[in-house]
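I have placed the structure first, in the form of structure tokens, so that the comments after it can refer back to it.
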Amino acid sequence: MLTMFYPNFLVDSVLELTLDRLMSLGVKLLLLDVDCTLKQYKNQEPEPGILEWLEEIKKSGIQACLLSNGVAKRIEPFAKSVGLPFIAQACKPFTSGCTRACRTWNCDPSTALVVGDQIFADVLAGNWAGMRTALVKPIHPEQEHWFTKIKRPFEKIVLKAFARDCPSGIWIPETSKKSQY
């Protein structure tokens, strides 16, 4: 039952999703959450190292797209600053944003990877859409909206079960034995 909330991969930062790792997984489409994944919620600047990481991804031929529940008016300036297309108001955990991205880039869902900081939005949307998912430790979660903050204690319950069950195929970074959540 809880496994629908389990990510395939658990990372402290998107920067741990190196080009070599993504290529070895056969990722062709990278769907990236914005707030608390690539940048702080209250900041329009990407976290250090993100621009360089994105440039490497773009040069590799892997398609990348921002996938956010935020409104276009707020997401578009960030998308322009990092040079990526975006899908705003993605309605995660529903799958419409994920499936739209796959149709747009003519990509099979099994070759897509949804990356985000929320289990009940990013991970669930990707899992329901038949995609692989990577859960990222949130960047400055204290800045989040109240409706995200109220979900965090429930995420901890899922992460405890996740640590207990440790499904096969989970990649946990070498830098940490257990999640830092």
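Please note that chains go A, B, ... in the order of the structure tokens, that every chain numbers its residues from 1, and that ligands are numbered from 1 in the order shown.
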
Practice task
as an NGL selection string, list the residues of chain A assigned to strand (DSSP E) by DSSP on the backbone atoms of this structure.
Solution key: :A and (9-11 or 29-32 or 63-67 or 86-87 or 112-116 or 132-136)

Using only N, CA, C and O atoms, please write the residues we just selected to a file, as a short mmCIF file (atom, residue, chain, number, x, y, z; two decimals), in the first residue's frame.
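Written output follows (out30.cif):
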```
data_model
loop_
_atom_site.label_atom_id
_atom_site.label_comp_id
_atom_site.auth_asym_id
_atom_site.auth_seq_id
_atom_site.Cartn_x
_atom_site.Cartn_y
_atom_site.Cartn_z
N PHE A 9 14.41 6.63 -6.32
CA PHE A 9 15.72 7.11 -5.93
C PHE A 9 15.58 8.18 -4.86
O PHE A 9 14.63 8.95 -4.87
N LEU A 10 16.52 8.21 -3.97
CA LEU A 10 16.52 9.15 -2.86
C LEU A 10 17.85 9.89 -2.88
O LEU A 10 18.91 9.26 -2.80
N VAL A 11 17.80 11.22 -3.05
CA VAL A 11 19.03 12.01 -3.15
C VAL A 11 18.93 13.25 -2.27
O VAL A 11 17.84 13.73 -1.97
N LEU A 29 13.84 11.86 -20.55
CA LEU A 29 13.09 13.06 -20.19
C LEU A 29 13.18 13.27 -18.69
O LEU A 29 12.85 12.37 -17.92
N LEU A 30 13.63 14.43 -18.30
CA LEU A 30 13.79 14.80 -16.90
C LEU A 30 12.75 15.86 -16.57
O LEU A 30 12.77 16.95 -17.13
N LEU A 31 11.82 15.53 -15.67
CA LEU A 31 10.78 16.46 -15.25
C LEU A 31 11.14 16.97 -13.87
O LEU A 31 11.14 16.21 -12.90
N LEU A 32 11.44 18.25 -13.79
CA LEU A 32 12.00 18.83 -12.58
C LEU A 32 11.03 19.77 -11.87
O LEU A 32 10.55 20.74 -12.47
N GLN A 63 16.16 15.45 -22.63
CA GLN A 63 15.20 16.55 -22.58
C GLN A 63 14.93 16.88 -21.11
O GLN A 63 14.81 15.98 -20.29
N ALA A 64 14.81 18.15 -20.80
CA ALA A 64 14.49 18.56 -19.44
C ALA A 64 13.37 19.58 -19.50
O ALA A 64 13.32 20.41 -20.42
N CYS A 65 12.48 19.49 -18.53
CA CYS A 65 11.33 20.38 -18.47
C CYS A 65 11.00 20.64 -17.01
O CYS A 65 11.10 19.73 -16.17
N LEU A 66 10.64 21.87 -16.69
CA LEU A 66 10.18 22.19 -15.34
C LEU A 66 8.72 21.76 -15.23
O LEU A 66 7.93 22.01 -16.14
N LEU A 67 8.38 21.11 -14.14
CA LEU A 67 7.02 20.63 -13.89
C LEU A 67 6.61 21.12 -12.52
O LEU A 67 7.07 20.59 -11.51
N PHE A 86 8.58 24.82 -19.57
CA PHE A 86 7.92 24.51 -18.31
C PHE A 86 6.46 24.14 -18.51
O PHE A 86 5.84 24.54 -19.50
N ILE A 87 5.97 23.39 -17.58
CA ILE A 87 4.54 23.10 -17.46
C ILE A 87 4.16 23.60 -16.08
O ILE A 87 4.66 23.09 -15.08
N ALA A 112 11.17 8.37 -18.49
CA ALA A 112 11.11 9.69 -17.84
C ALA A 112 11.44 9.55 -16.36
O ALA A 112 11.19 8.52 -15.75
N LEU A 113 11.98 10.61 -15.80
CA LEU A 113 12.28 10.67 -14.37
C LEU A 113 11.71 11.97 -13.81
O LEU A 113 12.05 13.05 -14.28
N VAL A 114 10.82 11.83 -12.82
CA VAL A 114 10.26 12.99 -12.13
C VAL A 114 11.11 13.23 -10.89
O VAL A 114 11.31 12.32 -10.07
N VAL A 115 11.59 14.45 -10.74
CA VAL A 115 12.46 14.81 -9.63
C VAL A 115 11.80 15.93 -8.83
O VAL A 115 11.48 16.98 -9.39
N GLY A 116 11.61 15.71 -7.54
CA GLY A 116 11.01 16.74 -6.71
C GLY A 116 11.20 16.46 -5.23
O GLY A 116 11.72 15.42 -4.85
N ARG A 132 9.68 6.84 -13.42
CA ARG A 132 10.53 6.69 -12.24
C ARG A 132 10.59 8.02 -11.52
O ARG A 132 10.36 9.07 -12.12
N THR A 133 10.88 7.96 -10.23
CA THR A 133 10.85 9.16 -9.41
C THR A 133 12.09 9.26 -8.54
O THR A 133 12.62 8.24 -8.08
N ALA A 134 12.52 10.49 -8.32
CA ALA A 134 13.64 10.77 -7.41
C ALA A 134 13.16 11.82 -6.41
O ALA A 134 12.69 12.88 -6.79
N LEU A 135 13.28 11.48 -5.14
CA LEU A 135 12.93 12.40 -4.08
C LEU A 135 14.18 13.12 -3.61
O LEU A 135 15.19 12.50 -3.28
N VAL A 136 14.10 14.44 -3.61
CA VAL A 136 15.22 15.31 -3.24
C VAL A 136 14.94 15.91 -1.86
O VAL A 136 13.81 16.28 -1.56
#
```

Exercise for the section: Give the answer as one residue: which of A:Leu17, A:Cys102, A:Leu22, A:Leu38 has the shortest atom-to-atom distance to Ile62 of chain A, using only C-alpha atoms? Expected result: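 Among the listed residues, A:Leu22 lies closest to Ile62 of chain A.
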
Exercise for the section: Tell me which protein, DNA and RNA residues are within 8 Å of segment 145-159 of chain A, counting only C-alpha atoms, leaving out same-chain ones fewer than 6 positions away, and put them as a ChimeraX atom specification. Expected result: /A:2,5-6,118-120,181

Practice task
Taking the DSSP assignment computed from this structure's backbone, write out as a PyMOL selection string all residues of chain A that belong to helix (DSSP H, G or I).
Solution key: chain A and resi 2-5+14-16+19-24+50-60+72-82+96-104+109-111+119-128+141-143+146-149+152-165

Problem - Surrounding residues of Leu51 of chain A excluding itself and chain neighbours under 3 positions, 10 Å, only C-alpha atoms, as a list in words - result: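 Selected residues are Leu38, Glu45, Pro46, Glu47, Pro48, Leu54, Glu55, Glu56, Ile57, Ser81, Val82 and Gly83 of chain A.
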
Handout entry: Distance in Å - atom CA of Leu124 of chain A versus atom CA of Thr3 of chain A
Key =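 Pair atom CA of Leu124 of chain A / atom CA of Thr3 of chain A returns 9.9 Å.
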